[in-house]
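Asker: I'd like to ask some things about the structure below.
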Amino acid sequence: MDITIPPGRVAGALTPPCSKSYAQRALAASLLADGESTLHNIEFCDDTRSALHCIRTLGAEVRQTGADTLSIRGGLAPRANRLQVGESGLAARLFTPIAALGREPMLIEGTGSLLRRPMHPMTETLRQLGAYARDNEGRLPVEVRGPLEGGELEIDGSLSSQFVTGLLLALPLAHRDTTLHVRHAVSKPYLAMTVSTAARFGVEISHNDLEEFFIEGGQHYRPAEFAIEGDWSAAAMMLAIGATAGEVRVETISSLSQQADTAVLTALVRSGAGLIDETKAVTAAQRPLRAFEFDATHCPDLFPALAVLASAAEGVSVIRGTSRLEHKECHRAEALREEYGRLGIEIDIDTEDIMRIRGGALHGGRVSSHGDHRIAMSLAAAALRADGPVTIEGAECVSKSYPLFFEELKRLRVR
């Protein structure tokens with residue numbers, strides 16, 4: 001589906017969708033809990049639907065008791081020997097270790113760009129922890145069979161924090177205690193989110209600076225009532241829109257959240273954007289912007305929003321952490337360079353893990369989402385400043401995380 005975004009200004013307030021990162025963790029913990037959990041503020045983007053399908057396949061009973069409320073009776077008792085994770089990288093890396101708790105074989109399958117993303121570190125680690133694991137030349141599909149025993153081992157955390165999250169949620173149910181030494185840990189805020197979610201369900205995970213974890217085996221998840229936070233990844237994009245094309249107030253979010261993408265506030269301040277941080281809302285307003293420096297190593301999902309901000313700033317902004325973008329829905333750094341280039345914005349990527357963005361005028365034109373929800377949203381946000389309409393090919397991919405993005409953008413327009 002193609003969507004054309006005309007230039008224009010925005011003003012208004014919105015509530016972002018729930019954090020799919022928190023939602024998927026809470027769904028996994030609810031599956032593992034002995035009893036009935038209640039999750040509030042659940043919204044059904046593609047990734048959350050994938051996680052729901054996974055917990056149902058693995059044995060959970062799920063009832064929708066309100067517009068955004070789910071009642072989930074846990075119990076790991078797989079109903080099938082195939083687990084379809086869709087195109088969700090987190091679901092693949094989260095539910096594979098959980099599936100490896102069982103004694104029956106389980107084949108984990110995915111679709112689309114997920115089939116190109118690396119899974120071999122996961123299978124190697126599961127074997128070290130006592131499970132059977134086989135992959136398809138380092139990719140999905142992956143077959144696993146438990147039980148997951150536990151033990152002490154060192155793992156490389158430089159590629160993704162998602163598999164570490166899967167281990168952290170599964171290993172409390174292993175037979176033995178586990179000590180994980182995570183080398184080159186990235187996206188530490190996401191690991192902190194995992195530890196705190198487990199604690200909400202009665203499971204203790206001890207750690208040393210989120211690099212060494214001690215997980216006692218034989219624990220039990222207890223049912224919980226959990227309200228899912230608003231999504232800071234979605235909020236970051238909307239705040240970038242406010243900072244470059246008008247004024248946007250994002251409600252039901254807090255800068256005290258553990259979500260990694262709260263770091264966008266630092267970038268907004270450094271760029272000179274107008275910013276009001278309230279208890280449960282943040283407002284960003286357009287001001288003359290200056291180039292900024294920012295390290296996105298631990299919050300790589302911010303790159304597309306930061307590109308919007310940097311493209312409107314005077315000078316060359318420097319963003320570190322581009323190596324984290326290679327194994328997303330597309331090679332996100334190259335996609336940003338290519339598509340912003342079509343609109344007249346110069347982006348350079350060097351071998352030192354750095355992206356440089358020279359701010360300037362944007363031109364109308366035709367661009368591609370590369371099938372990546374965050375690229376589509378970034379291009380739509382930048383298009384508001386262009387000198388003519390921008391048509392985005394494959395814009396429907398926003399359904400992965402923010403199905404109502406284009407409706408919200410249209411509603412915010414100043415008429």
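We name chains A, B, ... following the order of the structure tokens; residues begin at 1 in each chain, and ligands are numbered from 1 as shown.
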Determine, for each residue of region 117-178 of chain A having at least one atom at most 10 Å from an atom of region 282-302 of chain A, the closest pair of atoms and their separation in Å to one decimal, counting only C-alpha atoms; order by chain and ascending number, as CSV.
Answerer:
residue,atom,partner,partner_atom,distance
A:Ser158,CA,A:Thr297,CA,10.0
A:Ser160,CA,A:His298,CA,10.0
A:Ser161,CA,A:His298,CA,9.5
Asker: Please produce a file of those selected residues containing N, CA and C atoms, as a JSON list (two decimals), in the first residue's frame.
Answerer:
[["chain", "number", "residue", "atom", "x", "y", "z"],
["A", 158, "SER", "N", 26.30, -9.05, 22.24],
["A", 158, "SER", "CA", 26.51, -7.89, 21.36],
["A", 158, "SER", "C", 25.50, -7.82, 20.22],
["A", 160, "SER", "N", 22.11, -8.94, 20.19],
["A", 160, "SER", "CA", 20.75, -8.59, 20.59],
["A", 160, "SER", "C", 20.54, -8.93, 22.05],
["A", 161, "SER", "N", 19.72, -8.13, 22.72],
["A", 161, "SER", "CA", 19.34, -8.44, 24.10],
["A", 161, "SER", "C", 18.13, -9.37, 24.14]]
Asker: Quick one: residues within 9 Å of region 240-255 of chain A, only C-alpha atoms, excluding same-chain residues fewer than 6 positions away - as a VMD selection string?
Answerer: chain A and resid 8 to 16 229 to 232 262 to 265 268 272 to 289 305 to 306 308 to 309 312 to 313 381 to 382 384 to 385 412 414
Asker: When you count only C-alpha atoms, which of these residues is closest to Ala361 (chain A): A:Ala310, A:Cys397, A:Met377, A:Val62?
Answerer: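 Going through A:Ala310, A:Cys397, A:Met377, A:Val62 one by one, the smallest distance to Ala361 (chain A) is for A:Ala310.
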Asker: What are the closest atom pairs, with distances in Å to one decimal, for all residues of region 175-203 of chain A lying within 12 Å of region 163-166 of chain A? Consider only C-alpha atoms, order rows by chain and residue number, and present the result as CSV.
Answerer:
residue,atom,partner,partner_atom,distance
A:Leu180,CA,A:Val164,CA,9.0
A:His181,CA,A:Val164,CA,10.4
A:Val182,CA,A:Val164,CA,8.3
A:Arg183,CA,A:Val164,CA,11.1
A:His184,CA,A:Val164,CA,12.0
A:Ala185,CA,A:Val164,CA,9.3
A:Val186,CA,A:Val164,CA,10.2
A:Ser187,CA,A:Val164,CA,10.5
A:Lys188,CA,A:Val164,CA,10.3
A:Pro189,CA,A:Thr165,CA,11.1
A:Tyr190,CA,A:Thr165,CA,8.0
A:Leu191,CA,A:Thr165,CA,6.2
A:Ala192,CA,A:Thr165,CA,9.4
A:Met193,CA,A:Thr165,CA,9.0
A:Thr194,CA,A:Thr165,CA,6.1
A:Val195,CA,A:Thr165,CA,8.5
A:Ser196,CA,A:Thr165,CA,11.4
A:Thr197,CA,A:Thr165,CA,10.6
A:Ala198,CA,A:Thr165,CA,10.3
Asker: Restrict the selected residues to N, CA, C and O atoms and save them as a PDB file, in the first residue's frame.
Answerer:
ATOM      1  N   LEU A 180      24.621 -16.607  34.288  1.00  0.00           N
ATOM      2  CA  LEU A 180      24.887 -16.137  32.926  1.00  0.00           C
ATOM      3  C   LEU A 180      25.872 -14.976  32.973  1.00  0.00           C
ATOM      4  O   LEU A 180      25.620 -13.980  33.655  1.00  0.00           O
ATOM      5  N   HIS A 181      26.966 -15.124  32.259  1.00  0.00           N
ATOM      6  CA  HIS A 181      27.918 -14.031  32.089  1.00  0.00           C
ATOM      7  C   HIS A 181      27.704 -13.492  30.675  1.00  0.00           C
ATOM      8  O   HIS A 181      27.973 -14.189  29.689  1.00  0.00           O
ATOM      9  N   VAL A 182      27.192 -12.275  30.557  1.00  0.00           N
ATOM     10  CA  VAL A 182      26.851 -11.700  29.262  1.00  0.00           C
ATOM     11  C   VAL A 182      27.951 -10.738  28.835  1.00  0.00           C
ATOM     12  O   VAL A 182      28.140  -9.680  29.432  1.00  0.00           O
ATOM     13  N   ARG A 183      28.706 -11.142  27.813  1.00  0.00           N
ATOM     14  CA  ARG A 183      29.765 -10.278  27.273  1.00  0.00           C
ATOM     15  C   ARG A 183      29.170  -9.248  26.323  1.00  0.00           C
ATOM     16  O   ARG A 183      28.284  -9.548  25.548  1.00  0.00           O
ATOM     17  N   HIS A 184      29.707  -8.037  26.384  1.00  0.00           N
ATOM     18  CA  HIS A 184      29.302  -6.967  25.461  1.00  0.00           C
ATOM     19  C   HIS A 184      27.782  -6.787  25.467  1.00  0.00           C
ATOM     20  O   HIS A 184      27.147  -6.705  24.408  1.00  0.00           O
ATOM     21  N   ALA A 185      27.207  -6.705  26.642  1.00  0.00           N
ATOM     22  CA  ALA A 185      25.749  -6.562  26.747  1.00  0.00           C
ATOM     23  C   ALA A 185      25.291  -5.255  26.114  1.00  0.00           C
ATOM     24  O   ALA A 185      25.858  -4.193  26.376  1.00  0.00           O
ATOM     25  N   VAL A 186      24.287  -5.352  25.245  1.00  0.00           N
ATOM     26  CA  VAL A 186      23.709  -4.167  24.613  1.00  0.00           C
ATOM     27  C   VAL A 186      22.246  -4.052  25.037  1.00  0.00           C
ATOM     28  O   VAL A 186      21.656  -5.001  25.547  1.00  0.00           O
ATOM     29  N   SER A 187      21.689  -2.870  24.810  1.00  0.00           N
ATOM     30  CA  SER A 187      20.280  -2.621  25.143  1.00  0.00           C
ATOM     31  C   SER A 187      19.969  -3.002  26.589  1.00  0.00           C
ATOM     32  O   SER A 187      18.960  -3.649  26.891  1.00  0.00           O
ATOM     33  N   LYS A 188      20.835  -2.575  27.497  1.00  0.00           N
ATOM     34  CA  LYS A 188      20.647  -2.914  28.907  1.00  0.00           C
ATOM     35  C   LYS A 188      19.282  -2.496  29.457  1.00  0.00           C
ATOM     36  O   LYS A 188      18.719  -3.206  30.292  1.00  0.00           O
ATOM     37  N   PRO A 189      18.721  -1.357  29.027  1.00  0.00           N
ATOM     38  CA  PRO A 189      17.393  -1.024  29.567  1.00  0.00           C
ATOM     39  C   PRO A 189      16.346  -2.100  29.296  1.00  0.00           C
ATOM     40  O   PRO A 189      15.438  -2.297  30.110  1.00  0.00           O
ATOM     41  N   TYR A 190      16.484  -2.806  28.173  1.00  0.00           N
ATOM     42  CA  TYR A 190      15.529  -3.876  27.882  1.00  0.00           C
ATOM     43  C   TYR A 190      15.713  -5.059  28.839  1.00  0.00           C
ATOM     44  O   TYR A 190      14.746  -5.740  29.188  1.00  0.00           O
ATOM     45  N   LEU A 191      16.953  -5.302  29.261  1.00  0.00           N
ATOM     46  CA  LEU A 191      17.196  -6.365  30.233  1.00  0.00           C
ATOM     47  C   LEU A 191      16.639  -5.969  31.600  1.00  0.00           C
ATOM     48  O   LEU A 191      16.079  -6.807  32.317  1.00  0.00           O
ATOM     49  N   ALA A 192      16.786  -4.690  31.948  1.00  0.00           N
ATOM     50  CA  ALA A 192      16.205  -4.215  33.203  1.00  0.00           C
ATOM     51  C   ALA A 192      14.682  -4.378  33.174  1.00  0.00           C
ATOM     52  O   ALA A 192      14.050  -4.739  34.185  1.00  0.00           O
ATOM     53  N   MET A 193      14.071  -4.124  32.028  1.00  0.00           N
ATOM     54  CA  MET A 193      12.634  -4.298  31.850  1.00  0.00           C
ATOM     55  C   MET A 193      12.240  -5.764  32.089  1.00  0.00           C
ATOM     56  O   MET A 193      11.217  -6.055  32.720  1.00  0.00           O
ATOM     57  N   THR A 194      13.053  -6.681  31.601  1.00  0.00           N
ATOM     58  CA  THR A 194      12.781  -8.106  31.778  1.00  0.00           C
ATOM     59  C   THR A 194      12.849  -8.499  33.243  1.00  0.00           C
ATOM     60  O   THR A 194      11.972  -9.210  33.755  1.00  0.00           O
ATOM     61  N   VAL A 195      13.884  -8.042  33.929  1.00  0.00           N
ATOM     62  CA  VAL A 195      14.050  -8.368  35.348  1.00  0.00           C
ATOM     63  C   VAL A 195      12.877  -7.831  36.158  1.00  0.00           C
ATOM     64  O   VAL A 195      12.324  -8.528  37.024  1.00  0.00           O
ATOM     65  N   SER A 196      12.449  -6.596  35.873  1.00  0.00           N
ATOM     66  CA  SER A 196      11.355  -6.012  36.644  1.00  0.00           C
ATOM     67  C   SER A 196      10.022  -6.690  36.330  1.00  0.00           C
ATOM     68  O   SER A 196       9.179  -6.846  37.217  1.00  0.00           O
ATOM     69  N   THR A 197       9.818  -7.107  35.073  1.00  0.00           N
ATOM     70  CA  THR A 197       8.588  -7.821  34.730  1.00  0.00           C
ATOM     71  C   THR A 197       8.519  -9.158  35.452  1.00  0.00           C
ATOM     72  O   THR A 197       7.473  -9.530  36.009  1.00  0.00           O
ATOM     73  N   ALA A 198       9.631  -9.889  35.471  1.00  0.00           N
ATOM     74  CA  ALA A 198       9.665 -11.164  36.197  1.00  0.00           C
ATOM     75  C   ALA A 198       9.342 -10.951  37.675  1.00  0.00           C
ATOM     76  O   ALA A 198       8.605 -11.743  38.286  1.00  0.00           O
TER      77      ALA A 198
END
Asker: How many Å lie between CA of Ala60 (chain A) and CA of Gly75 (chain A), rounded to one decimal?
Answerer: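 CA of Gly75 (chain A) lies 5.7 Å from CA of Ala60 (chain A).
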Asker: Which residues are near Thr69 (chain A)? Cut-off 7 Å, only C-alpha atoms, ignore same chain within fewer than 3 positions. Put them as a list of chain:residue names.
Answerer: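 Answer for this query is A:Leu39, A:His40, A:Asn41, A:Ile42, A:Gln64, A:Thr65, A:Gly66.
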Asker: Could you save the residues just selected, with N, CA, C and O atoms, as a short mmCIF file (atom, residue, chain, number, x, y, z; two decimals), in the first residue's frame?
Answerer:
data_model
loop_
_atom_site.label_atom_id
_atom_site.label_comp_id
_atom_site.auth_asym_id
_atom_site.auth_seq_id
_atom_site.Cartn_x
_atom_site.Cartn_y
_atom_site.Cartn_z
N LEU A 39 -4.08 -8.51 32.29
CA LEU A 39 -3.26 -7.50 31.64
C LEU A 39 -4.16 -6.40 31.12
O LEU A 39 -5.10 -6.66 30.37
N HIS A 40 -3.87 -5.15 31.52
CA HIS A 40 -4.63 -3.99 31.07
C HIS A 40 -3.82 -3.19 30.05
O HIS A 40 -2.61 -3.27 29.99
N ASN A 41 -4.52 -2.36 29.28
CA ASN A 41 -3.92 -1.48 28.28
C ASN A 41 -3.17 -2.26 27.20
O ASN A 41 -2.12 -1.86 26.72
N ILE A 42 -3.73 -3.40 26.83
CA ILE A 42 -3.18 -4.21 25.73
C ILE A 42 -3.77 -3.70 24.41
O ILE A 42 -4.98 -3.51 24.30
N GLN A 64 -10.58 -12.16 26.31
CA GLN A 64 -10.62 -10.71 26.29
C GLN A 64 -11.82 -10.27 27.11
O GLN A 64 -12.97 -10.54 26.76
N THR A 65 -11.57 -9.58 28.22
CA THR A 65 -12.64 -9.20 29.15
C THR A 65 -13.00 -7.72 29.05
O THR A 65 -13.88 -7.26 29.77
N GLY A 66 -12.33 -6.99 28.19
CA GLY A 66 -12.63 -5.58 27.97
C GLY A 66 -11.95 -5.14 26.69
O GLY A 66 -11.23 -5.92 26.05
#
Asker: Looking at only C-alpha atoms, which of A:Val142, A:Ile72, A:Leu32, A:Ile319 is the one that sits closest to Val85 (chain A)?
Answerer: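 Looking at the shortest contact to Val85 (chain A), the residue is A:Val142.
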Asker: Compile the contact shell of Glu87 (chain A) as JSON, numbers by chain: residues with an atom at most 12 Å away, counting only C-alpha atoms, same-chain residues fewer than 6 positions apart removed.
Answerer: {"A": [45, 46, 47, 48, 49, 50, 51, 93, 108, 109, 110, 111, 112, 113, 114, 115, 116, 117, 140, 328, 329, 330, 371, 372, 373, 397, 399, 400, 401]}
Asker: Quick check, in Å to one decimal: how far apart do CA of Ser311 (chain A) and CA of Met355 (chain A) lie?
Answerer: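 Those two atoms sit 12.2 Å apart.
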Asker: Which polymer residues have any atom within 12 Å of an atom of Met119 (chain A), counting only C-alpha atoms, with same-chain residues fewer than 6 positions away left out, as a list in words?
Answerer: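 The neighbour list is Gly89, Leu90, Ala92, Arg93, Leu94, Thr96, Pro97, Ile108, Glu109, Gly110, Thr125, Leu126, Ala133, Arg134, Asp135, Asn136, Glu137, Gly138, Arg139, Leu140, Pro141, Val142, Glu143, Leu159, Ser160, Gln162, Phe163 and His327 of chain A.
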Asker: Which polymer residues have any atom within 10 Å of an atom of Glu149 (chain A), counting only C-alpha atoms, with same-chain residues fewer than 2 positions away left out, as an NGL selection string?
Answerer: :A and (100-101 or 126-131 or 146-147 or 151 or 171 or 173-178 or 217)
Asker: Give me, please, the distance in Å between CA of Ser317 (chain A) and CA of Arg358 (chain A), quoted to one decimal.
Answerer: 6.5 Å
Asker: Looking only at strand (DSSP E) from DSSP on the backbone, list the matching residues of region 170-203 of chain A as JSON, numbers by chain.
Answerer: {"A": [178, 179, 180, 181, 182, 183]}
Asker: I need the residues of region 258-331 of chain A that end up classed as helix (DSSP H, G or I) by DSSP on the backbone, written out as a list of chain:residue names.
Answerer: A:Ala260, A:Asp261, A:Thr262, A:Ala263, A:Val264, A:Leu265, A:Thr266, A:Ala267, A:Leu268, A:Val269, A:Arg270, A:Ser271, A:Pro300, A:Asp301, A:Leu302, A:Phe303, A:Pro304, A:Ala305, A:Leu306, A:Ala307, A:Val308, A:Leu309, A:Ala310, A:Ser311, A:Thr322, A:Ser323, A:Arg324, A:Leu325
Asker: Any idea what's packed within 12 Å of Ile349 (chain A), counting only C-alpha atoms, ignoring anything in its chain fewer than 3 positions away? Could you give it as a list in words?
Answerer: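 Final neighbour list, sorted by chain and number: Ser317, Val318, Ile319, Arg320, Gly321, Thr322, Ser323, Leu325, Arg332, Ala333, Glu334, Ala335, Leu336, Arg337, Glu338, Glu346, Glu352, Asp353, Ile354, Met355, Arg356, Ile357 and Arg358 of chain A.
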